[in-house]
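Pasted below: coords_25.txt, compact mmCIF, C-alpha atoms and all ligand atoms.
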```txt
# COMPACT_ATOMS: atom_id res chain seq x y z
CA MET E 1265 0.00 0.00 0.00
CA THR E 1266 1.41 3.39 -0.86
CA LEU E 1267 0.11 6.67 0.29
CA ASP E 1268 1.87 9.53 -1.41
CA SER E 1269 1.14 13.11 -0.60
CA THR E 1270 0.10 15.46 -3.36
CA PRO E 1271 2.82 15.51 -6.06
CA GLY E 1272 5.18 18.41 -5.51
CA THR E 1273 4.60 18.45 -1.75
CA ASP E 1274 7.71 19.01 0.33
CA VAL E 1275 7.76 15.80 2.36
CA VAL E 1276 9.71 15.55 5.61
CA LEU E 1277 8.83 11.99 6.63
CA SER E 1278 7.81 9.04 4.44
CA VAL E 1279 6.46 5.90 6.07
CA ARG E 1280 6.10 2.90 3.80
CA ASP E 1281 4.35 -0.40 4.53
CA LEU E 1282 5.34 -0.27 8.16
CA SER E 1283 4.41 -3.29 10.28
CA VAL E 1284 5.11 -3.74 13.99
CA VAL E 1285 4.78 -6.91 16.05
CA TYR E 1286 4.92 -7.39 19.82
CA ASP E 1287 6.59 -10.78 20.18
CA GLY E 1288 5.27 -13.27 22.70
CA ALA E 1289 3.36 -16.54 22.97
CA ASP E 1290 0.60 -14.81 20.97
CA PRO E 1291 2.41 -12.17 18.88
CA VAL E 1292 0.38 -8.97 18.53
CA ARG E 1293 0.34 -7.40 15.06
CA ALA E 1294 -0.17 -3.88 16.36
CA VAL E 1295 0.63 -1.97 13.13
CA ARG E 1296 -0.02 -3.54 9.74
CA GLY E 1297 1.22 -2.12 6.44
CA VAL E 1298 0.90 1.56 7.33
CA SER E 1299 2.07 4.19 4.81
CA PHE E 1300 1.86 7.96 4.84
CA ASP E 1301 3.79 11.06 3.86
CA LEU E 1302 4.13 13.96 6.27
CA ALA E 1303 4.58 17.32 4.56
CA ARG E 1304 6.94 19.90 6.03
CA GLY E 1305 5.00 22.12 8.44
CA GLU E 1306 1.66 20.29 8.25
CA VAL E 1307 -0.46 18.77 11.00
CA LEU E 1308 -1.31 15.13 10.36
CA GLY E 1309 -3.95 13.83 12.75
CA ILE E 1310 -4.11 10.14 13.62
CA ALA E 1311 -7.41 8.99 15.10
CA GLY E 1312 -8.79 5.64 16.22
CA GLU E 1313 -10.13 3.71 19.19
CA SER E 1314 -8.01 2.51 22.07
CA GLY E 1315 -5.71 -0.34 21.07
CA CYS E 1316 -5.77 0.35 17.31
CA GLY E 1317 -1.99 0.92 17.21
CA LYS E 1318 -1.58 4.71 17.37
CA SER E 1319 1.12 4.81 20.05
CA THR E 1320 2.91 1.82 18.56
CA LEU E 1321 3.06 3.62 15.22
CA ALA E 1322 4.44 6.73 16.95
CA TYR E 1323 7.15 4.70 18.70
CA ALA E 1324 8.12 2.93 15.49
CA VAL E 1325 8.31 6.19 13.52
CA THR E 1326 10.52 7.84 16.15
CA ARG E 1327 12.70 4.73 16.66
CA LEU E 1328 11.60 4.57 20.30
CA LEU E 1329 9.99 1.15 20.11
CA LYS E 1330 11.22 -1.19 22.84
CA PRO E 1331 11.16 -5.01 23.00
CA PRO E 1332 9.02 -7.06 22.78
CA GLY E 1333 7.97 -4.59 20.06
CA ARG E 1334 9.88 -4.75 16.77
CA VAL E 1335 9.48 -3.38 13.26
CA ALA E 1336 8.67 -6.50 11.25
CA SER E 1337 8.80 -4.79 7.85
CA GLY E 1338 8.63 -1.47 6.10
CA GLN E 1339 10.62 1.71 6.05
CA VAL E 1340 10.67 5.19 7.59
CA LEU E 1341 12.56 7.81 5.57
CA PHE E 1342 13.44 11.19 7.06
CA ARG E 1343 13.99 13.85 4.41
CA PRO E 1344 15.97 16.77 5.81
CA ALA E 1345 15.66 20.08 3.96
CA ASP E 1346 19.45 20.27 3.85
CA GLY E 1347 20.59 16.80 2.78
CA PRO E 1348 19.79 13.36 1.34
CA PRO E 1349 17.01 11.18 2.84
CA VAL E 1350 17.95 9.06 5.85
CA ASP E 1351 16.55 5.54 6.34
CA LEU E 1352 15.91 5.53 10.08
CA SER E 1353 16.56 1.79 10.39
CA THR E 1354 20.22 2.49 9.55
CA LEU E 1355 20.71 4.85 12.52
CA HIS E 1356 22.38 3.48 15.64
CA GLY E 1357 24.26 4.72 18.69
CA GLU E 1358 25.35 8.34 18.55
CA ALA E 1359 23.71 8.99 15.15
CA LEU E 1360 20.35 7.78 16.49
CA ARG E 1361 20.73 9.83 19.67
CA ARG E 1362 21.49 12.95 17.59
CA PHE E 1363 18.50 12.29 15.37
CA ARG E 1364 16.06 12.03 18.26
CA TRP E 1365 15.09 15.39 19.73
CA ASN E 1366 17.21 17.23 17.13
CA ARG E 1367 15.14 16.12 14.16
CA VAL E 1368 12.08 14.28 15.44
CA ALA E 1369 10.86 14.84 18.99
CA MET E 1370 7.99 13.18 20.81
CA VAL E 1371 5.54 14.22 23.51
CA PHE E 1372 4.57 10.91 25.07
CA GLN E 1373 1.09 9.71 26.00
CA GLY E 1374 0.56 10.31 29.73
CA ALA E 1375 3.76 12.36 29.71
CA MET E 1376 2.31 14.88 32.14
CA ASN E 1377 3.30 12.44 34.84
CA ALA E 1378 6.62 11.60 33.22
CA LEU E 1379 8.60 14.59 34.46
CA ASN E 1380 11.12 13.59 37.09
CA PRO E 1381 9.46 14.53 40.42
CA VAL E 1382 12.72 15.25 42.24
CA LEU E 1383 14.27 17.57 39.64
CA SER E 1384 13.33 21.20 39.06
CA VAL E 1385 11.97 22.37 35.71
CA ARG E 1386 15.27 24.23 35.18
CA ARG E 1387 17.30 21.06 35.62
CA GLN E 1388 15.07 18.99 33.32
CA LEU E 1389 15.13 21.57 30.52
CA ALA E 1390 18.84 22.19 30.96
CA ASP E 1391 19.54 18.45 30.72
CA VAL E 1392 18.29 18.46 27.11
CA PHE E 1393 20.85 21.14 26.24
CA THR E 1394 23.63 19.49 28.25
CA ALA E 1395 23.07 16.24 26.34
CA HIS E 1396 22.60 17.69 22.85
CA ARG E 1397 24.29 21.10 22.91
CA PRO E 1398 27.31 20.49 25.17
CA GLU E 1399 29.07 23.53 23.68
CA LEU E 1400 26.63 25.92 25.41
CA ARG E 1401 27.92 27.72 28.48
CA ARG E 1402 25.88 27.68 31.67
CA ALA E 1403 24.54 31.22 31.22
CA GLU E 1404 23.51 30.41 27.63
CA ARG E 1405 21.70 27.28 28.81
CA GLU E 1406 19.84 29.33 31.38
CA ASP E 1407 18.83 31.84 28.69
CA ARG E 1408 17.57 29.05 26.45
CA CYS E 1409 15.54 27.51 29.30
CA ARG E 1410 13.89 30.86 30.05
CA GLU E 1411 13.18 31.42 26.38
CA LEU E 1412 11.59 27.97 26.09
CA LEU E 1413 9.26 28.51 29.03
CA ASP E 1414 8.35 31.89 27.65
CA LEU E 1415 7.50 30.29 24.29
CA VAL E 1416 4.93 28.02 25.92
CA GLY E 1417 3.47 30.81 28.04
CA ILE E 1418 5.06 30.06 31.42
CA GLY E 1419 6.85 32.70 33.45
CA PRO E 1420 10.61 32.24 34.12
CA GLU E 1421 10.02 32.10 37.88
CA ARG E 1422 8.68 28.59 37.27
CA LEU E 1423 12.18 27.37 36.36
CA SER E 1424 12.77 26.71 40.04
CA SER E 1425 9.49 24.81 40.47
CA TYR E 1426 9.21 21.07 40.87
CA PRO E 1427 6.61 19.13 38.83
CA HIS E 1428 4.20 18.72 41.79
CA GLU E 1429 4.05 22.53 42.09
CA LEU E 1430 2.69 22.87 38.55
CA SER E 1431 -0.85 22.32 37.24
CA GLY E 1432 -1.43 19.52 34.70
CA GLY E 1433 -1.61 22.09 31.91
CA MET E 1434 1.71 23.64 32.94
CA ARG E 1435 3.43 20.26 33.10
CA GLN E 1436 2.19 19.48 29.62
CA ARG E 1437 3.50 22.86 28.42
CA VAL E 1438 6.91 22.08 29.94
CA LEU E 1439 6.96 18.80 28.00
CA ILE E 1440 6.04 20.58 24.78
CA ALA E 1441 8.83 23.07 25.50
CA MET E 1442 11.27 20.18 25.95
CA ALA E 1443 10.19 18.63 22.66
CA MET E 1444 10.83 21.94 20.90
CA ALA E 1445 14.12 22.69 22.64
CA LEU E 1446 16.32 21.71 19.70
CA ARG E 1447 13.97 23.05 16.99
CA PRO E 1448 13.06 19.67 15.46
CA ASP E 1449 11.54 19.24 12.00
CA VAL E 1450 8.82 16.95 13.32
CA VAL E 1451 7.04 16.75 16.68
CA VAL E 1452 4.99 13.63 17.37
CA MET E 1453 2.36 14.32 20.03
CA ASP E 1454 0.61 11.29 21.49
CA GLU E 1455 -2.63 12.33 23.26
CA PRO E 1456 -0.98 15.55 24.51
CA THR E 1457 -4.15 17.13 25.85
CA THR E 1458 -6.41 14.18 26.66
CA ALA E 1459 -6.08 14.44 30.45
CA LEU E 1460 -6.73 18.21 30.51
CA ASP E 1461 -9.98 20.11 30.85
CA VAL E 1462 -11.33 21.63 27.65
CA VAL E 1463 -10.30 25.21 28.43
CA VAL E 1464 -6.68 24.25 29.13
CA GLN E 1465 -6.79 21.92 26.14
CA ARG E 1466 -7.90 24.79 23.92
CA ASP E 1467 -5.11 27.07 25.24
CA ILE E 1468 -2.46 24.43 24.59
CA LEU E 1469 -3.71 23.70 21.08
CA THR E 1470 -3.62 27.41 20.27
CA GLU E 1471 -0.07 27.51 21.63
CA ILE E 1472 1.04 24.53 19.53
CA ASP E 1473 -0.44 26.14 16.43
CA ARG E 1474 1.30 29.44 17.14
CA LEU E 1475 4.64 27.69 17.65
CA ARG E 1476 4.21 25.68 14.48
CA ALA E 1477 3.49 28.81 12.47
CA ARG E 1478 6.59 30.43 13.94
CA PHE E 1479 9.07 27.55 13.66
CA GLY E 1480 7.60 25.55 10.77
CA PHE E 1481 7.80 22.07 12.31
CA ALA E 1482 5.38 19.36 11.20
CA VAL E 1483 3.14 17.73 13.79
CA VAL E 1484 1.82 14.20 14.01
CA PHE E 1485 -1.06 14.61 16.45
CA ILE E 1486 -2.49 11.41 17.89
CA THR E 1487 -5.79 11.17 19.74
CA HIS E 1488 -8.95 9.09 19.86
CA ASP E 1489 -10.86 12.41 19.63
CA LEU E 1490 -11.80 12.70 15.98
CA SER E 1491 -13.79 15.90 16.49
CA LEU E 1492 -10.67 17.61 17.85
CA LEU E 1493 -8.55 16.37 14.95
CA LEU E 1494 -11.03 17.61 12.38
CA GLU E 1495 -10.46 21.06 13.78
CA ILE E 1496 -6.68 21.15 14.01
CA SER E 1497 -5.38 18.85 11.24
CA ASP E 1498 -4.48 19.51 7.64
CA ARG E 1499 -4.78 15.82 6.86
CA LEU E 1500 -6.16 12.90 8.79
CA ALA E 1501 -5.49 9.19 9.03
CA VAL E 1502 -8.11 7.03 10.73
CA MET E 1503 -6.69 3.79 12.14
CA TYR E 1504 -8.57 0.59 12.84
CA GLY E 1505 -7.10 -2.78 13.83
CA GLY E 1506 -3.50 -1.68 13.19
CA ARG E 1507 -4.19 -0.26 9.72
CA ILE E 1508 -5.02 3.10 8.20
CA VAL E 1509 -8.57 2.65 6.95
CA GLU E 1510 -9.20 6.19 5.73
CA TYR E 1511 -6.87 9.01 4.82
CA GLY E 1512 -7.41 12.42 3.32
CA ARG E 1513 -7.66 16.14 3.79
CA ALA E 1514 -9.37 16.83 7.10
CA ALA E 1515 -11.95 19.06 5.41
CA ASP E 1516 -12.82 16.35 2.86
CA LEU E 1517 -13.05 13.67 5.50
CA HIS E 1518 -15.35 15.89 7.51
CA THR E 1519 -17.78 16.56 4.72
CA ALA E 1520 -17.50 13.23 2.93
CA ALA E 1521 -16.15 10.34 5.02
CA HIS E 1522 -16.18 7.16 2.97
CA HIS E 1523 -15.15 4.29 5.24
CA PRO E 1524 -18.03 2.90 7.35
CA TYR E 1525 -15.83 3.10 10.47
CA THR E 1526 -15.13 6.82 9.95
CA VAL E 1527 -18.80 7.39 9.19
CA GLY E 1528 -19.61 5.63 12.48
CA LEU E 1529 -17.09 7.74 14.40
CA LEU E 1530 -18.51 10.94 12.92
CA ARG E 1531 -22.00 9.82 13.88
CA SER E 1532 -20.86 9.23 17.48
CA PHE E 1533 -20.58 12.90 18.44
CA PRO E 1534 -23.00 15.79 17.99
CA ARG E 1535 -22.34 18.55 15.46
CA LEU E 1536 -22.74 22.20 16.17
CA ARG E 1537 -24.02 23.17 12.73
CA GLY E 1538 -26.33 21.70 10.09
CA GLU E 1539 -29.41 19.55 10.35
CA ARG E 1540 -30.17 17.47 13.46
CA THR E 1541 -29.27 13.79 13.12
CA VAL E 1542 -29.58 10.56 15.05
CA LEU E 1543 -26.47 9.84 17.15
CA HIS E 1544 -25.02 6.34 16.91
CA GLY E 1545 -22.27 4.58 18.75
CA ILE E 1546 -20.38 1.77 17.04
CA PRO E 1547 -21.56 -1.47 18.61
CA GLY E 1548 -19.06 -4.27 19.31
CA SER E 1549 -15.35 -4.09 20.08
CA PRO E 1550 -12.12 -3.91 18.06
CA PRO E 1551 -10.43 -7.10 16.81
CA ASP E 1552 -7.87 -9.04 18.83
CA LEU E 1553 -4.62 -8.08 17.08
CA SER E 1554 -2.97 -11.36 18.05
CA ARG E 1555 -5.55 -12.97 15.75
CA PRO E 1556 -6.44 -10.34 13.14
CA PRO E 1557 -9.30 -11.51 10.91
CA ALA E 1558 -8.49 -12.82 7.43
CA GLY E 1559 -10.67 -10.27 5.69
CA CYS E 1560 -11.56 -6.71 6.65
CA ALA E 1561 -10.89 -6.15 10.36
CA PHE E 1562 -14.12 -4.12 10.68
CA THR E 1563 -16.41 -6.89 9.37
CA ALA E 1564 -17.90 -7.91 12.72
CA ARG E 1565 -19.06 -4.34 13.44
CA CYS E 1566 -19.82 -3.09 9.97
CA PRO E 1567 -23.44 -2.51 8.93
CA TYR E 1568 -22.36 -2.57 5.27
CA ALA E 1569 -20.43 -5.89 5.42
CA PHE E 1570 -21.07 -8.50 2.73
CA ASP E 1571 -19.61 -11.94 1.97
CA ASP E 1572 -16.28 -10.82 0.48
CA CYS E 1573 -15.48 -8.80 3.61
CA HIS E 1574 -14.90 -12.02 5.56
CA HIS E 1575 -11.97 -13.14 3.42
CA THR E 1576 -10.63 -10.14 1.45
CA ASP E 1577 -8.55 -7.51 3.24
CA PRO E 1578 -9.34 -4.27 1.37
CA ALA E 1579 -6.57 -2.06 -0.03
CA LEU E 1580 -6.55 1.68 0.66
CA LEU E 1581 -7.93 3.09 -2.60
CA THR E 1582 -9.10 6.47 -3.76
CA ALA E 1583 -12.86 6.47 -3.34
CA HIS E 1584 -14.28 7.48 -6.70
CA THR E 1585 -17.56 9.06 -5.74
CA THR E 1586 -19.07 12.43 -6.47
CA GLY E 1587 -17.90 15.26 -4.22
CA PRO E 1588 -14.69 15.48 -2.17
CA THR E 1589 -12.67 12.29 -2.07
CA THR E 1590 -10.43 10.43 0.39
CA ARG E 1591 -8.69 7.07 0.35
CA ALA E 1592 -10.63 4.32 2.03
CA ALA E 1593 -9.85 0.66 2.77
CA CYS E 1594 -13.32 -0.68 2.08
CA LEU E 1595 -14.37 -3.15 -0.61
CA HIS E 1596 -17.34 -0.96 -1.54
CA TYR E 1597 -14.82 1.42 -3.17
CA ASP E 1598 -12.91 -1.30 -5.03
CA PRO E 1599 -14.30 -1.24 -8.59
CA ALA E 1600 -13.10 -4.83 -9.14
CA VAL E 1601 -15.41 -5.99 -6.32
CA ARG E 1602 -18.21 -3.43 -6.46
CA PRO E 1603 -18.38 -1.96 -10.00
CA ASP E 1604 -21.54 -0.02 -9.09
CA GLY E 1605 -19.82 1.78 -6.19
CA PRO E 1606 -21.00 2.08 -2.59
CA PRO E 1607 -24.62 1.73 -1.43
CA GLU E 1608 -26.56 4.98 -1.43
CA ALA E 1609 -26.86 5.05 2.38
CA LEU E 1610 -23.07 4.81 2.81
CA HIS E 1611 -22.51 7.45 0.16
CA ALA E 1612 -24.95 9.66 2.07
CA GLY E 1613 -22.90 9.21 5.26
CA ARG E 1614 -25.35 7.05 7.20
CA PHE E 1615 -23.87 4.52 9.59
CA ASP E 1616 -27.05 2.51 9.68
CA PRO E 1617 -28.23 1.55 6.18
CA ASP E 1618 -31.72 0.92 7.60
CA PRO E 1619 -32.11 3.51 10.36
CA GLY E 1620 -35.65 2.53 11.45
CA PRO E 1621 -37.40 4.70 14.03
CA ALA E 1622 -35.11 7.33 15.55
CA PRO E 1623 -34.16 6.34 19.15
CA SER E 1624 -32.90 9.81 20.08
CA THR E 1625 -31.81 13.01 18.47
CA GLY E 1626 -28.88 15.14 19.32
CA GLY E 1627 -26.76 17.94 17.97
CA ALA E 1628 -26.84 18.45 14.28
CA GLY E 1629 -25.24 16.97 11.24
CA ARG E 1630 -23.58 16.85 7.95
N1 LIG E 1701 4.38 -3.99 25.24
C1 LIG E 1701 3.37 -4.60 24.62
N2 LIG E 1701 3.32 -5.94 24.54
C2 LIG E 1701 2.31 -6.57 23.89
N3 LIG E 1701 1.29 -5.94 23.28
C3 LIG E 1701 1.29 -4.60 23.33
C4 LIG E 1701 2.33 -3.86 24.01
N4 LIG E 1701 2.04 -2.54 23.87
C5 LIG E 1701 0.89 -2.46 23.16
N5 LIG E 1701 0.46 -3.70 22.84
C6 LIG E 1701 -0.75 -4.03 22.05
O1 LIG E 1701 -0.62 -3.41 20.78
C7 LIG E 1701 -1.90 -2.94 20.33
C8 LIG E 1701 -1.79 -1.46 20.01
O2 LIG E 1701 -1.53 -0.75 21.21
P1 LIG E 1701 -1.27 0.82 21.23
O3 LIG E 1701 -0.89 1.19 22.61
O4 LIG E 1701 -0.33 1.16 20.14
O5 LIG E 1701 -2.72 1.38 20.89
P2 LIG E 1701 -3.28 2.87 20.97
O6 LIG E 1701 -4.07 3.08 19.73
O7 LIG E 1701 -2.18 3.82 21.26
O8 LIG E 1701 -4.30 2.79 22.20
P3 LIG E 1701 -4.69 3.93 23.27
O9 LIG E 1701 -5.67 4.84 22.57
O10 LIG E 1701 -5.33 3.15 24.38
O11 LIG E 1701 -3.46 4.64 23.70
C9 LIG E 1701 -2.89 -3.26 21.44
O12 LIG E 1701 -3.52 -4.47 21.11
C10 LIG E 1701 -2.01 -3.43 22.66
O13 LIG E 1701 -2.59 -4.34 23.57
S1 LIG E 1702 -14.75 -3.92 3.50
FE1 LIG E 1702 -16.73 -4.69 4.17
S2 LIG E 1702 -16.58 -4.90 6.40
FE2 LIG E 1702 -14.87 -3.63 5.70
S3 LIG E 1702 -15.61 -1.58 5.96
FE3 LIG E 1702 -16.06 -2.14 3.85
S4 LIG E 1702 -18.11 -3.01 3.88
FE4 LIG E 1702 -17.41 -2.88 5.99
MG MG E 1703 -1.80 5.12 22.77
```
Would you mind writing the file out in structure tokens?
Ligand SMILES: Nc1ncnc2c1ncn2[C@@H]1O[C@H](COP(=O)(O)OP(=O)(O)OP(=O)(O)O)[C@@H](O)[C@H]1O
Ligand code: SF4
Ligand SMILES: [Mg+2]
Amino acid sequence: MTLDSTPGTDVVLSVRDLSVVYDGADPVRAVRGVSFDLARGEVLGIAGESGCGKSTLAYAVTRLLKPPGRVASGQVLFRPADGPPVDLSTLHGEALRRFRWNRVAMVFQGAMNALNPVLSVRRQLADVFTAHRPELRRAEREDRCRELLDLVGIGPERLSSYPHELSGGMRQRVLIAMAMALRPDVVVMDEPTTALDVVVQRDILTEIDRLRARFGFAVVFITHDLSLLLEISDRLAVMYGGRIVEYGRAADLHTAAHHPYTVGLLRSFPRLRGERTVLHGIPGSPPDLSRPPAGCAFTARCPYAFDDCHHTDPALLTAHTTGPTTRAACLHYDPAVRPDGPPEALHAGRFDPDPGPAPSTGGAGR
């Protein structure tokens, strides 16, 4: 499966057919044949339910995956603006250490609690410079630490604080500051705002956007919150069962989702504008990735499933329908299987092809 960005796009990271396995008595195939291109300076959102492989993908892309996890196949190419592409699998030792934080930095899931509780903010920020910019003198390091806190909207007096003296939002800002310390080309953020209340979340997202506009780094933003991603992303990848099942411009995916899973996700939260619609959840649970199904992983939960879905794993193909398009891994968009295209109800963005009497109404819709 390939997933190229628009021709002519300045790509900073290319992921090709990446698969990750957690070894064990029942190996878990957490990421399966994932490909995407990240353009310089863009925000790529990655959405999907718990356990679909989002964090595993982030670890594999940043070379932070630890045993029993291993990259089983595929490639991650980093394309610096100032040199030839680098295959990340070839980096080891000092070269890998230099690459991390300098080029691609990560804000970890649950990282708010990952700051060292016995070290001050000053010490933890300064450590990044000591490790990666050893040539800096002490006074220069101090200046850089102050500047970093200032960038994320925290006063310099907080340099002397310890993590327990900071609010959750402030701790998350410190971690974002650390990720940006060396001006990386890419920042991978794994659920950076999930544990925060919506007001703090909003402030931090505004901050990230401001910093991105100023420094031009690309962001891979991971969350299960599709509504949030629709707002902040340039492009979106929806993951299910270790695979990308839909991929496209966020605006297109919002107005014209094609994959039944994305349609179901969109129907799971109320809209602020448009006509009122019936809210659905997606019944059932995700597949066991130690025994991924032979066909489409969504079959057991899909209201549009038909016989072929049980044994044919769909490729991610451009959905040729009227209106905005995306790429979707669903057999209804494979002309070799369904020459007449998708059913009308799916094309119209309904999760339930036969809605019956409305159980409840909420919000508004498409
Ligand atoms: N160390 C591990 N050993 C074995 N299996 C693992 C390990 N870490 C994750 N997994 C499995 O890999 C799959 C993907 O997990 P991952 O944490 O990447 O999902 P996620 O989409 O980030 O979920 P969440 O939204 O809950 O953070 C899951 O089935 C999970 O149980
Ligand atoms: S391939 Fe079949 S089961 Fe999978 S999403 Fe499409 S219709 Fe549903
Ligand atoms: Mg995760």
Query - Near-region 1490-1503 of chain E list (7 Å; only C-alpha atoms; drop same-chain fewer than 6 positions) as an MDAnalysis selection string - result: chainID E and resid 1306:1312 1316 1509:1514 1518
Report task. Find, counting all atoms listed in the file, the residue in E:Met1453, E:Ala1403, E:Ala1558, E:Leu1580 that gets nearest to ligand MG 1703 (chain E). Result ->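 Looking only at the distances to ligand MG 1703 (chain E), the closest residue turns out to be E:Met1453.
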Given only C-alpha atoms and all ligand atoms, how would the per-residue table for chain E near ligand MG 1703 (chain E) read, listing every residue at most 12 Å away with its closest atom pair and distance in Å to one decimal, sorted by chain and number, as CSV?
```
residue,atom,partner,partner_atom,distance
E:Ala1294,CA,E:MG1703,MG,11.2
E:Ile1310,CA,E:MG1703,MG,10.7
E:Ala1311,CA,E:MG1703,MG,10.3
E:Gly1312,CA,E:MG1703,MG,9.6
E:Glu1313,CA,E:MG1703,MG,9.2
E:Ser1314,CA,E:MG1703,MG,6.8
E:Gly1315,CA,E:MG1703,MG,6.9
E:Cys1316,CA,E:MG1703,MG,8.3
E:Gly1317,CA,E:MG1703,MG,7.0
E:Lys1318,CA,E:MG1703,MG,5.4
E:Ser1319,CA,E:MG1703,MG,4.0
E:Thr1320,CA,E:MG1703,MG,7.1
E:Leu1321,CA,E:MG1703,MG,9.1
E:Ala1322,CA,E:MG1703,MG,8.7
E:Tyr1323,CA,E:MG1703,MG,9.8
E:Val1371,CA,E:MG1703,MG,11.7
E:Phe1372,CA,E:MG1703,MG,8.9
E:Gln1373,CA,E:MG1703,MG,6.3
E:Gly1374,CA,E:MG1703,MG,9.0
E:Ala1375,CA,E:MG1703,MG,11.5
E:Met1453,CA,E:MG1703,MG,10.5
E:Asp1454,CA,E:MG1703,MG,6.7
E:Glu1455,CA,E:MG1703,MG,7.3
E:Pro1456,CA,E:MG1703,MG,10.6
E:Thr1458,CA,E:MG1703,MG,10.9
E:Phe1485,CA,E:MG1703,MG,11.4
E:Ile1486,CA,E:MG1703,MG,8.0
E:Thr1487,CA,E:MG1703,MG,7.9
E:His1488,CA,E:MG1703,MG,8.7
E:Met1503,CA,E:MG1703,MG,11.8
E:Gly1506,CA,E:MG1703,MG,11.9
```
Go ahead and fit an axis-aligned box to every listed atom of region 1335-1345 of chain E plus 6 Å each side, and pass me the centre and edge lengths in Å, one decimal, as JSON.
```
{"center_x": 12.3, "center_y": 6.8, "center_z": 8.6, "size_x": 19.3, "size_y": 38.6, "size_z": 21.3}
```
Query - Nearby residues (only C-alpha atoms) at most 9 Å from Arg1293 (chain E), same-chain spacing under 3 positions excluded, as a ChimeraX atom specification - result: /E:1283-1287,1296,1317,1505-1506,1553-1556
Selection to disk with C-alpha atoms, as a CSV table (one decimal), keeping the file's coordinate frame:
```
chain,number,residue,atom,x,y,z
E,1283,SER,CA,4.4,-3.3,10.3
E,1284,VAL,CA,5.1,-3.7,14.0
E,1285,VAL,CA,4.8,-6.9,16.0
E,1286,TYR,CA,4.9,-7.4,19.8
E,1287,ASP,CA,6.6,-10.8,20.2
E,1296,ARG,CA,0.0,-3.5,9.7
E,1317,GLY,CA,-2.0,0.9,17.2
E,1505,GLY,CA,-7.1,-2.8,13.8
E,1506,GLY,CA,-3.5,-1.7,13.2
E,1553,LEU,CA,-4.6,-8.1,17.1
E,1554,SER,CA,-3.0,-11.4,18.0
E,1555,ARG,CA,-5.6,-13.0,15.8
E,1556,PRO,CA,-6.4,-10.3,13.1
```
Report task. With all atoms listed in the file counted, collect every polymer residue having an atom within 9 Å of ligand LIG 1702 (chain E); state the result as a PyMOL selection string. Result -> chain E and resi 1509+1523-1525+1559-1574+1576-1578+1592-1597+1606
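Counting all atoms listed in the file and comparing E:Leu1412, E:Leu1329, E:Val1483, E:Val1450, the residue that lies closest to ligand LIG 1701 (chain E) is E:Leu1329.
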**Report entry** CA of Val1385 (chain E) to CA of Phe1481 (chain E), distance in Å rounded to a single decimal
**Finding:**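 These two atoms are separated by 23.8 Å.
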Requested in this report: Would you list the contacts of region 1341-1343 of chain E as JSON, numbers by chain, taking every protein, DNA or RNA residue within 6 Å and counting only C-alpha atoms, but skipping same-chain residues closer than 6 positions in sequence?
Outcome: {"E": [1276, 1277, 1278, 1349, 1350, 1351]}
